[in-house]
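Novice: Take a look at this one; I'll ask things after.
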Amino acid sequence: MSKILVTGAAGFIGFFAAKHLLERGDSVIGLDNLSDYYDVNLKKSRLTILQNYHNFQFHHLDLANRQGIADLFANLQPELVLHMAAQAGVRYSLTNPYAYVDSNLVGFAHILEGCRHSRIQHLVFASSSSVYGANTKMPFSVSDRVDLPISLYAATKKANELMAHAYSHLYNIPTTGLRFFTVYGPWGRPDMALFTFTQAILTGQPIPVFNYGRMRRDFTYIDDIVAGVICALDKIPQPHPQQTEASGSPGTSTAPYKIYNIGNNNPVELNHFISVLEEYLGVKAIKDLLPLQPGDVLETYADIDDLVQEVGFQPSTPIEVGIPKFVDWYRSYYHLE
């Protein structure tokens with residue numbers, strides 16, 4: 001059993017990860033600022049579930065609060081940190097850039113400082129498939145360079161990887177970054193496609209279909225994601241002394257630092273994703289066909305070989321299984337049955 005700080009504990013991935021850790025007997029310190037980026041009531045509902053566990057404690061705190069984060073680390077002395085909190089969303093970053101600076105850059109620096117002073121055994125943090133930006137080689141591999149982000153959100157996630165490596169190198173903090181690929185499932189974020197599409201289709205509203213539905217995404221079900229997150233948390237990275245600039249991968253280092261892709265390794269066209277949703281709902285969508293939006297990428301496709309080989313990650317949920325599970329939860333949560 002470990003004492004684990006989970007930031008973003010009222011968020012989508014953070015909630016499921018915290019719940020898994022609680023159920024296996026770990027002591028979880030949950031942190032969240034309960035921001036109004038999306039429906040706070042959904043976050044509070046997730047939090048209510050976690051608060052039923054005797055080994056959970058919650059702290060309502062913003063990452064940008066330097067003293068508050070420092071005091072939390074000093075007073076509670078977590079052994080491991082699972083940092084899932086961030087300002088999410090590509091399109092939102094086009095109109096609200098400072099939210100990303102405050103949370104993803106300033107806030108992450110505060111987490112790194114807390115890890116340094118508390119001698120954390122392992123920091124696992126959320127990166128994103130968005131870091132691949134303008135890359136066109138498929139599937140995306142952690143051995144590829146990621147120097148061309150096409151949104152501020154992506155740039156902050158790339159910056160997180162660089163900041164984490166610096167702290168891992170300077171202070172010998174074992175650190176693992178996880179590049180998430182389009183996570184979906186019950187209790188998901190209301191700003192994500194599956195949630196907004198379901199809501200619109202059931203109320204007879206049109207759904208915005210960008211790039212005319214020809215985008216492809218590596219949709220990854222939440223249970224698969226959480227299994228990978230926990231496996232990664234339990235595997236503390238080791239330095240790679242043989243790593244060199246010429247021969248090494250950007251995903252490994254002479255420091256105890258590792259980057260993994262965590263996705264389904266099976267990209268699906270958006271039009272097919274919508275058709276599976278329509279079939280389960282029994283309703284045809286009204287499609288508002290639109291061009292590609294600024295900051296969006298045409299395709300995401302994860303090379304997960306490292307995660308499979310090194311931590312035993314094995315995604316197993318196709319969208320034909322995952323989408324119905326989400327819809328069943330949605331109908332139940334919003335009392336539509």
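Quick note on naming: the chains in the structure tokens go A, B, ... in the order shown, residues restart at 1 in each chain, and ligands are numbered from 1 in order of appearance.
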Identify, with DSSP run on backbone atoms, the residues in stretch 77-254 of chain A assigned to strand (DSSP E), and express the list as a count of residues only.
Specialist: 28
Novice: As a PyMOL selection string, which residues of stretch 104-190 of chain A does DSSP assign to helix (DSSP H, G or I)?
Specialist: chain A and resi 104-118+129-132+152-171
Novice: Can you tell me which residues surround stretch 152-166 of chain A at a distance of at most 9 Å, considering only C-alpha atoms, apart from same-chain residues fewer than 3 positions away, and format the answer as a tab-separated table (two decimals) with C-alpha atoms, in the first residue's frame?
Specialist:
chain	number	residue	atom	x	y	z
A	87	GLN	CA	-6.44	22.56	-18.61
A	88	ALA	CA	-7.64	20.31	-21.42
A	89	GLY	CA	-8.99	20.91	-24.91
A	90	VAL	CA	-7.40	22.02	-28.16
A	91	ARG	CA	-10.11	24.42	-29.35
A	92	TYR	CA	-10.54	26.10	-25.97
A	93	SER	CA	-6.85	27.01	-26.07
A	94	LEU	CA	-7.50	29.21	-29.10
A	97	PRO	CA	-4.62	30.78	-23.67
A	100	TYR	CA	-3.23	26.78	-20.16
A	101	VAL	CA	-0.28	28.83	-19.00
A	104	ASN	CA	-0.25	23.40	-17.49
A	105	LEU	CA	2.95	25.41	-17.12
A	108	PHE	CA	3.11	21.79	-13.36
A	109	ALA	CA	6.18	23.64	-12.11
A	112	LEU	CA	7.64	19.33	-9.88
A	123	LEU	CA	5.90	10.93	-10.77
A	125	PHE	CA	2.04	12.77	-15.54
A	126	ALA	CA	-0.44	13.21	-18.36
A	127	SER	CA	0.89	14.26	-21.72
A	128	SER	CA	-1.12	14.04	-24.94
A	129	SER	CA	-1.12	12.69	-28.47
A	130	SER	CA	-1.46	16.36	-29.45
A	131	VAL	CA	2.31	16.74	-29.05
A	132	TYR	CA	2.74	14.98	-32.40
A	133	GLY	CA	1.26	18.07	-34.05
A	146	VAL	CA	7.76	16.28	-31.61
A	147	ASP	CA	8.96	19.78	-32.36
A	148	LEU	CA	5.97	21.10	-34.34
A	149	PRO	CA	2.91	21.50	-32.08
A	169	HIS	CA	17.95	14.72	-14.70
A	170	LEU	CA	18.79	17.31	-12.05
A	171	TYR	CA	17.19	15.72	-9.00
A	173	ILE	CA	13.20	11.98	-9.75
A	175	THR	CA	9.34	10.30	-14.00
A	176	THR	CA	6.97	8.82	-16.58
A	177	GLY	CA	4.93	10.79	-19.12
A	179	ARG	CA	0.70	10.51	-24.16
A	253	SER	CA	17.11	9.17	-21.17
A	255	ALA	CA	17.91	10.08	-16.32
A	256	PRO	CA	15.19	7.87	-14.74
A	257	TYR	CA	12.68	9.20	-17.27
A	258	LYS	CA	10.32	7.52	-19.72
A	259	ILE	CA	7.64	8.55	-22.23
A	295	GLY	CA	-5.30	23.17	-34.12
Novice: Can you build me a table of stretch 94-201 of chain A residues sitting at most 8 Å from stretch 324-336 of chain A, with the closest atom pair per residue and its distance in Å to one decimal, using only C-alpha atoms, sorted by chain and residue number, as JSON lines?
Specialist:
{"residue": "A:Tyr184", "atom": "CA", "partner": "A:Phe326", "partner_atom": "CA", "distance": 8.0}
{"residue": "A:Gly185", "atom": "CA", "partner": "A:Phe326", "partner_atom": "CA", "distance": 5.0}
{"residue": "A:Pro186", "atom": "CA", "partner": "A:Phe326", "partner_atom": "CA", "distance": 4.5}
{"residue": "A:Trp187", "atom": "CA", "partner": "A:Trp329", "partner_atom": "CA", "distance": 7.5}
{"residue": "A:Thr198", "atom": "CA", "partner": "A:Val327", "partner_atom": "CA", "distance": 7.4}
Novice: Keeping only all heavy atoms, write those residues as a PDB file, in the first residue's frame.
Specialist:
ATOM      1  N   TYR A 184     -12.279   7.871 -24.069  1.00  0.00           N
ATOM      2  CA  TYR A 184     -13.737   8.002 -24.001  1.00  0.00           C
ATOM      3  C   TYR A 184     -14.293   6.935 -23.066  1.00  0.00           C
ATOM      4  O   TYR A 184     -13.608   5.972 -22.718  1.00  0.00           O
ATOM      5  CB  TYR A 184     -14.363   7.867 -25.400  1.00  0.00           C
ATOM      6  CG  TYR A 184     -14.396   6.438 -25.911  1.00  0.00           C
ATOM      7  CD1 TYR A 184     -15.559   5.679 -25.828  1.00  0.00           C
ATOM      8  CD2 TYR A 184     -13.251   5.831 -26.442  1.00  0.00           C
ATOM      9  CE1 TYR A 184     -15.594   4.359 -26.272  1.00  0.00           C
ATOM     10  CE2 TYR A 184     -13.281   4.514 -26.888  1.00  0.00           C
ATOM     11  CZ  TYR A 184     -14.453   3.786 -26.794  1.00  0.00           C
ATOM     12  OH  TYR A 184     -14.490   2.483 -27.216  1.00  0.00           O
ATOM     13  N   GLY A 185     -15.552   7.117 -22.693  1.00  0.00           N
ATOM     14  CA  GLY A 185     -16.214   6.124 -21.843  1.00  0.00           C
ATOM     15  C   GLY A 185     -17.144   6.778 -20.841  1.00  0.00           C
ATOM     16  O   GLY A 185     -17.303   8.007 -20.829  1.00  0.00           O
ATOM     17  N   PRO A 186     -17.813   5.973 -19.991  1.00  0.00           N
ATOM     18  CA  PRO A 186     -18.701   6.516 -18.957  1.00  0.00           C
ATOM     19  C   PRO A 186     -17.987   7.549 -18.086  1.00  0.00           C
ATOM     20  O   PRO A 186     -16.794   7.441 -17.845  1.00  0.00           O
ATOM     21  CB  PRO A 186     -19.070   5.269 -18.137  1.00  0.00           C
ATOM     22  CG  PRO A 186     -18.900   4.123 -19.083  1.00  0.00           C
ATOM     23  CD  PRO A 186     -17.741   4.500 -19.968  1.00  0.00           C
ATOM     24  N   TRP A 187     -18.741   8.535 -17.643  1.00  0.00           N
ATOM     25  CA  TRP A 187     -18.232   9.635 -16.823  1.00  0.00           C
ATOM     26  C   TRP A 187     -17.262  10.530 -17.600  1.00  0.00           C
ATOM     27  O   TRP A 187     -16.500  11.292 -17.017  1.00  0.00           O
ATOM     28  CB  TRP A 187     -17.557   9.126 -15.548  1.00  0.00           C
ATOM     29  CG  TRP A 187     -18.485   8.468 -14.585  1.00  0.00           C
ATOM     30  CD1 TRP A 187     -18.688   7.124 -14.430  1.00  0.00           C
ATOM     31  CD2 TRP A 187     -19.368   9.101 -13.665  1.00  0.00           C
ATOM     32  NE1 TRP A 187     -19.638   6.884 -13.467  1.00  0.00           N
ATOM     33  CE2 TRP A 187     -20.069   8.081 -12.973  1.00  0.00           C
ATOM     34  CE3 TRP A 187     -19.630  10.433 -13.348  1.00  0.00           C
ATOM     35  CZ2 TRP A 187     -21.019   8.361 -12.004  1.00  0.00           C
ATOM     36  CZ3 TRP A 187     -20.564  10.704 -12.365  1.00  0.00           C
ATOM     37  CH2 TRP A 187     -21.248   9.681 -11.704  1.00  0.00           C
ATOM     38  N   THR A 198     -23.807  12.430 -28.488  1.00  0.00           N
ATOM     39  CA  THR A 198     -24.923  11.726 -27.860  1.00  0.00           C
ATOM     40  C   THR A 198     -26.000  12.702 -27.413  1.00  0.00           C
ATOM     41  O   THR A 198     -27.196  12.510 -27.670  1.00  0.00           O
ATOM     42  CB  THR A 198     -24.425  10.894 -26.663  1.00  0.00           C
ATOM     43  OG1 THR A 198     -23.463   9.936 -27.123  1.00  0.00           O
ATOM     44  CG2 THR A 198     -25.567  10.174 -25.977  1.00  0.00           C
TER      45      THR A 198
END
Novice: As a ChimeraX atom specification, please: the residues near stretch 211-214 of chain A (cut-off 10 Å, only C-alpha atoms, same-chain neighbours under 3 positions excluded).
Specialist: /A:208,217,268-274,287-293,296-299
Novice: I need the chosen residues saved as a CSV table (one decimal), in the first residue's frame, with N, CA, C and O atoms.
Specialist:
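Contents of again06.csv, as written:
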chain,number,residue,atom,x,y,z
A,208,PRO,N,-21.6,18.9,-35.0
A,208,PRO,CA,-20.6,19.5,-35.9
A,208,PRO,C,-19.6,18.3,-36.3
A,208,PRO,O,-19.0,17.7,-35.4
A,217,ARG,N,-9.2,8.9,-35.5
A,217,ARG,CA,-8.8,9.0,-34.1
A,217,ARG,C,-8.5,7.6,-33.5
A,217,ARG,O,-9.3,6.7,-33.7
A,268,VAL,N,-9.8,5.0,-35.9
A,268,VAL,CA,-11.2,4.8,-36.5
A,268,VAL,C,-11.6,6.1,-37.1
A,268,VAL,O,-11.4,7.2,-36.6
A,269,GLU,N,-12.2,6.0,-38.3
A,269,GLU,CA,-12.7,7.3,-39.0
A,269,GLU,C,-13.9,7.8,-38.2
A,269,GLU,O,-14.7,7.0,-37.7
A,270,LEU,N,-13.9,9.1,-38.1
A,270,LEU,CA,-15.0,9.8,-37.4
A,270,LEU,C,-16.4,9.4,-37.9
A,270,LEU,O,-17.3,9.2,-37.1
A,271,ASN,N,-16.5,9.2,-39.2
A,271,ASN,CA,-17.8,8.8,-39.8
A,271,ASN,C,-18.3,7.5,-39.3
A,271,ASN,O,-19.4,7.2,-39.0
A,272,HIS,N,-17.3,6.5,-39.2
A,272,HIS,CA,-17.7,5.2,-38.7
A,272,HIS,C,-18.0,5.3,-37.2
A,272,HIS,O,-19.0,4.6,-36.7
A,273,PHE,N,-17.3,6.1,-36.4
A,273,PHE,CA,-17.6,6.3,-35.0
A,273,PHE,C,-19.0,6.8,-34.8
A,273,PHE,O,-19.7,6.3,-34.0
A,274,ILE,N,-19.4,7.7,-35.7
A,274,ILE,CA,-20.8,8.3,-35.6
A,274,ILE,C,-21.8,7.2,-36.0
A,274,ILE,O,-22.8,7.1,-35.3
A,287,LYS,N,-26.1,15.9,-39.4
A,287,LYS,CA,-24.7,16.2,-39.5
A,287,LYS,C,-24.5,17.6,-40.1
A,287,LYS,O,-25.0,17.9,-41.2
A,288,ASP,N,-23.7,18.4,-39.4
A,288,ASP,CA,-23.3,19.7,-39.9
A,288,ASP,C,-21.8,19.6,-40.3
A,288,ASP,O,-20.9,19.6,-39.5
A,289,LEU,N,-21.6,19.3,-41.6
A,289,LEU,CA,-20.3,19.0,-42.2
A,289,LEU,C,-19.5,20.3,-42.3
A,289,LEU,O,-19.9,21.3,-42.9
A,290,LEU,N,-18.3,20.3,-41.6
A,290,LEU,CA,-17.5,21.4,-41.5
A,290,LEU,C,-16.0,21.1,-41.9
A,290,LEU,O,-15.6,20.0,-41.9
A,291,PRO,N,-15.2,22.1,-42.3
A,291,PRO,CA,-13.8,21.9,-42.6
A,291,PRO,C,-13.0,21.7,-41.4
A,291,PRO,O,-13.5,21.8,-40.2
A,292,LEU,N,-11.8,21.3,-41.5
A,292,LEU,CA,-10.9,21.0,-40.4
A,292,LEU,C,-10.7,22.3,-39.6
A,292,LEU,O,-10.5,23.4,-40.2
A,293,GLN,N,-10.7,22.2,-38.3
A,293,GLN,CA,-10.6,23.4,-37.4
A,293,GLN,C,-9.1,23.6,-37.1
A,293,GLN,O,-8.3,22.7,-37.1
A,296,ASP,N,-6.5,21.3,-35.0
A,296,ASP,CA,-6.9,19.8,-35.1
A,296,ASP,C,-5.9,19.1,-36.1
A,296,ASP,O,-5.4,19.7,-37.0
A,297,VAL,N,-5.7,17.8,-35.8
A,297,VAL,CA,-4.8,17.0,-36.7
A,297,VAL,C,-5.7,16.0,-37.4
A,297,VAL,O,-6.8,15.7,-37.0
A,298,LEU,N,-5.3,15.6,-38.6
A,298,LEU,CA,-6.1,14.7,-39.4
A,298,LEU,C,-6.2,13.3,-38.8
A,298,LEU,O,-7.3,12.7,-38.9
A,299,GLU,N,-5.2,12.8,-38.2
A,299,GLU,CA,-5.2,11.5,-37.7
A,299,GLU,C,-4.3,11.3,-36.5
A,299,GLU,O,-3.3,11.9,-36.4
Novice: Extract, using only C-alpha atoms, all DNA, RNA and protein residues at most 12 Å from A:Gln51, discarding same-chain residues fewer than 2 positions from it, and format them as a short mmCIF file (atom, residue, chain, number, x, y, z; two decimals) with all heavy atoms, in the first residue's frame.
Specialist:
data_model
loop_
_atom_site.label_atom_id
_atom_site.label_comp_id
_atom_site.auth_asym_id
_atom_site.auth_seq_id
_atom_site.Cartn_x
_atom_site.Cartn_y
_atom_site.Cartn_z
N ALA A 9 -8.41 14.66 -9.50
CA ALA A 9 -9.13 13.48 -9.02
C ALA A 9 -10.62 13.54 -9.34
O ALA A 9 -11.29 12.50 -9.38
CB ALA A 9 -8.94 13.32 -7.51
N ALA A 10 -11.16 14.73 -9.56
CA ALA A 10 -12.56 14.85 -9.95
C ALA A 10 -12.72 14.89 -11.47
O ALA A 10 -13.84 15.01 -11.97
CB ALA A 10 -13.18 16.10 -9.33
N PHE A 15 -10.36 10.47 -11.89
CA PHE A 15 -11.39 9.80 -11.10
C PHE A 15 -11.26 8.29 -11.18
O PHE A 15 -11.24 7.58 -10.15
CB PHE A 15 -12.77 10.25 -11.58
CG PHE A 15 -13.90 9.33 -11.21
CD1 PHE A 15 -14.29 9.17 -9.90
CD2 PHE A 15 -14.57 8.61 -12.20
CE1 PHE A 15 -15.34 8.31 -9.56
CE2 PHE A 15 -15.61 7.76 -11.87
CZ PHE A 15 -16.00 7.60 -10.55
N ALA A 18 -7.98 7.08 -9.52
CA ALA A 18 -8.08 7.15 -8.06
C ALA A 18 -8.95 6.02 -7.52
O ALA A 18 -8.62 5.38 -6.52
CB ALA A 18 -8.63 8.51 -7.64
N LYS A 19 -10.07 5.76 -8.19
CA LYS A 19 -10.99 4.70 -7.76
C LYS A 19 -10.29 3.34 -7.79
O LYS A 19 -10.43 2.53 -6.86
CB LYS A 19 -12.22 4.70 -8.67
CG LYS A 19 -13.33 3.73 -8.27
CD LYS A 19 -14.57 4.01 -9.11
CE LYS A 19 -15.71 3.06 -8.76
NZ LYS A 19 -15.45 1.68 -9.25
N LEU A 22 -7.82 3.16 -4.88
CA LEU A 22 -8.53 3.00 -3.60
C LEU A 22 -9.00 1.56 -3.42
O LEU A 22 -8.89 0.99 -2.32
CB LEU A 22 -9.73 3.95 -3.56
CG LEU A 22 -9.41 5.43 -3.42
CD1 LEU A 22 -10.63 6.28 -3.74
CD2 LEU A 22 -8.88 5.76 -2.03
N VAL A 28 -5.23 7.43 -0.99
CA VAL A 28 -5.24 8.41 -2.08
C VAL A 28 -5.56 9.80 -1.55
O VAL A 28 -6.56 10.01 -0.84
CB VAL A 28 -6.26 8.03 -3.17
CG1 VAL A 28 -6.37 9.13 -4.22
CG2 VAL A 28 -5.86 6.70 -3.82
N ILE A 29 -4.69 10.74 -1.89
CA ILE A 29 -4.92 12.15 -1.62
C ILE A 29 -5.39 12.76 -2.94
O ILE A 29 -4.64 12.85 -3.91
CB ILE A 29 -3.62 12.86 -1.19
CG1 ILE A 29 -3.02 12.17 0.04
CG2 ILE A 29 -3.87 14.34 -0.93
CD1 ILE A 29 -1.54 12.47 0.22
N GLY A 30 -6.66 13.13 -3.00
CA GLY A 30 -7.21 13.71 -4.22
C GLY A 30 -7.11 15.22 -4.21
O GLY A 30 -7.40 15.87 -3.20
N LYS A 44 -18.46 16.90 -9.27
CA LYS A 44 -18.87 16.65 -7.89
C LYS A 44 -19.48 15.26 -7.74
O LYS A 44 -19.32 14.61 -6.70
CB LYS A 44 -19.86 17.72 -7.44
CG LYS A 44 -19.21 19.10 -7.25
CD LYS A 44 -20.22 20.13 -6.79
CE LYS A 44 -19.56 21.47 -6.53
NZ LYS A 44 -20.54 22.51 -6.13
N SER A 45 -20.16 14.79 -8.77
CA SER A 45 -20.72 13.44 -8.73
C SER A 45 -19.62 12.39 -8.69
O SER A 45 -19.71 11.40 -7.95
CB SER A 45 -21.63 13.20 -9.94
OG SER A 45 -22.77 14.03 -9.90
N ARG A 46 -18.58 12.60 -9.48
CA ARG A 46 -17.43 11.68 -9.43
C ARG A 46 -16.81 11.71 -8.03
O ARG A 46 -16.49 10.68 -7.45
CB ARG A 46 -16.39 12.10 -10.46
CG ARG A 46 -16.81 12.02 -11.93
CD ARG A 46 -15.64 12.42 -12.80
NE ARG A 46 -15.94 12.58 -14.20
CZ ARG A 46 -15.63 13.65 -14.93
NH1 ARG A 46 -15.01 14.69 -14.37
NH2 ARG A 46 -15.91 13.69 -16.22
N LEU A 47 -16.65 12.92 -7.52
CA LEU A 47 -16.00 13.10 -6.22
C LEU A 47 -16.80 12.43 -5.11
O LEU A 47 -16.22 11.84 -4.18
CB LEU A 47 -15.84 14.59 -5.94
CG LEU A 47 -14.95 15.01 -4.78
CD1 LEU A 47 -13.56 14.44 -4.92
CD2 LEU A 47 -14.89 16.54 -4.71
N THR A 48 -18.11 12.49 -5.20
CA THR A 48 -18.96 11.84 -4.20
C THR A 48 -18.69 10.34 -4.12
O THR A 48 -18.67 9.75 -3.03
CB THR A 48 -20.45 12.10 -4.53
OG1 THR A 48 -20.70 13.50 -4.44
CG2 THR A 48 -21.36 11.37 -3.55
N ILE A 49 -18.47 9.73 -5.27
CA ILE A 49 -18.17 8.29 -5.30
C ILE A 49 -16.85 8.02 -4.58
O ILE A 49 -16.74 7.10 -3.77
CB ILE A 49 -18.12 7.79 -6.75
CG1 ILE A 49 -19.52 7.86 -7.37
CG2 ILE A 49 -17.57 6.36 -6.82
CD1 ILE A 49 -19.56 7.57 -8.85
N TYR A 53 -14.98 6.09 0.00
CA TYR A 53 -13.87 5.21 0.40
C TYR A 53 -13.18 5.80 1.63
O TYR A 53 -12.86 7.00 1.67
CB TYR A 53 -12.86 5.08 -0.74
CG TYR A 53 -13.38 4.30 -1.93
CD1 TYR A 53 -14.10 4.94 -2.94
CD2 TYR A 53 -13.14 2.93 -2.05
CE1 TYR A 53 -14.58 4.23 -4.04
CE2 TYR A 53 -13.62 2.22 -3.15
CZ TYR A 53 -14.34 2.88 -4.13
OH TYR A 53 -14.80 2.17 -5.22
N HIS A 54 -12.91 4.96 2.62
CA HIS A 54 -12.32 5.42 3.88
C HIS A 54 -10.87 5.87 3.68
O HIS A 54 -10.34 6.66 4.48
CB HIS A 54 -12.37 4.31 4.93
CG HIS A 54 -11.45 3.15 4.62
ND1 HIS A 54 -10.13 3.11 5.03
CD2 HIS A 54 -11.66 2.02 3.92
CE1 HIS A 54 -9.57 1.99 4.60
NE2 HIS A 54 -10.47 1.31 3.93
N ASN A 55 -10.21 5.37 2.61
CA ASN A 55 -8.80 5.68 2.38
C ASN A 55 -8.60 6.82 1.40
O ASN A 55 -7.55 6.95 0.77
CB ASN A 55 -8.04 4.43 1.91
CG ASN A 55 -8.78 3.63 0.83
OD1 ASN A 55 -9.99 3.72 0.71
ND2 ASN A 55 -8.03 2.85 0.06
N PHE A 56 -9.62 7.69 1.28
CA PHE A 56 -9.55 8.84 0.37
C PHE A 56 -9.73 10.13 1.15
O PHE A 56 -10.58 10.23 2.03
CB PHE A 56 -10.65 8.73 -0.70
CG PHE A 56 -10.68 9.90 -1.66
CD1 PHE A 56 -9.74 10.00 -2.67
CD2 PHE A 56 -11.66 10.88 -1.55
CE1 PHE A 56 -9.78 11.06 -3.57
CE2 PHE A 56 -11.70 11.95 -2.45
CZ PHE A 56 -10.76 12.04 -3.46
N GLN A 57 -8.90 11.10 0.83
CA GLN A 57 -9.09 12.45 1.35
C GLN A 57 -8.99 13.44 0.20
O GLN A 57 -8.21 13.25 -0.73
CB GLN A 57 -8.07 12.79 2.44
CG GLN A 57 -6.62 12.70 2.02
CD GLN A 57 -5.68 13.19 3.12
OE1 GLN A 57 -5.69 14.37 3.48
NE2 GLN A 57 -4.87 12.27 3.66
N PHE A 58 -9.78 14.51 0.25
CA PHE A 58 -9.85 15.45 -0.87
C PHE A 58 -9.40 16.84 -0.45
O PHE A 58 -9.72 17.30 0.65
CB PHE A 58 -11.28 15.52 -1.41
CG PHE A 58 -11.42 16.52 -2.53
CD1 PHE A 58 -10.78 16.32 -3.75
CD2 PHE A 58 -12.17 17.68 -2.35
CE1 PHE A 58 -10.91 17.24 -4.78
CE2 PHE A 58 -12.29 18.61 -3.38
CZ PHE A 58 -11.66 18.39 -4.59
N HIS A 59 -8.67 17.49 -1.36
CA HIS A 59 -8.23 18.87 -1.15
C HIS A 59 -8.63 19.71 -2.35
O HIS A 59 -8.21 19.44 -3.48
CB HIS A 59 -6.71 18.91 -0.94
CG HIS A 59 -6.27 18.23 0.31
ND1 HIS A 59 -6.03 18.89 1.49
CD2 HIS A 59 -6.06 16.91 0.58
CE1 HIS A 59 -5.69 18.03 2.42
NE2 HIS A 59 -5.69 16.81 1.89
#
Novice: Can you tell me, as a ChimeraX atom specification, what residues are no more than 9 Å from A:Gly114 when counting only C-alpha atoms, ignoring any on the same chain fewer than 4 positions away?
Specialist: /A:69-74,109-110,118-120
Novice: My list of candidates is A:Asn96, A:Gln309, A:Ser168, A:Asn265. Which is closest to A:Ser151 when distances are computed with only C-alpha atoms?
Specialist: A:Asn96
Novice: For atom CA of A:Met192 and atom CA of A:Phe219, quote the distance in Å rounded to one decimal.
Specialist: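 Pair atom CA of A:Met192 / atom CA of A:Phe219 returns 11.3 Å.
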Novice: Which residue gives the smallest distance to A:Leu202 among A:Gly322, A:Gly188, A:Pro241, A:Gly282, with only C-alpha atoms counted?
Specialist: A:Gly282
Novice: I need the residue nearest A:Val276 from this list: A:Glu320, A:Glu310, A:Asp26, A:Asp32. Use only C-alpha atoms for the distance.
Specialist: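 Nearest candidate to A:Val276 out of A:Glu320, A:Glu310, A:Asp26, A:Asp32: A:Glu320.
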Novice: Kindly indicate which residue among A:Thr300, A:Glu279, A:Thr203, A:Leu61 lies nearest to A:Phe140, using only C-alpha atoms for the distances.
Specialist: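 Nearest to A:Phe140: A:Thr300.
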Novice: Would you list the contacts of stretch 224-230 of chain A as a PyMOL selection string, taking every protein, DNA or RNA residue within 8 Å and counting only C-alpha atoms, but skipping same-chain residues closer than 2 positions in sequence?
Specialist: chain A and resi 13+16-17+20-21+178+183+220-222+232-234+262-263+307+311-317
Novice: For atom CA of A:Asn266 and atom CA of A:Gly11, determine how far apart the two atoms are, in Å to one decimal place.
Specialist: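 Computed distance, atom CA of A:Asn266 to atom CA of A:Gly11, equals 25.1 Å.
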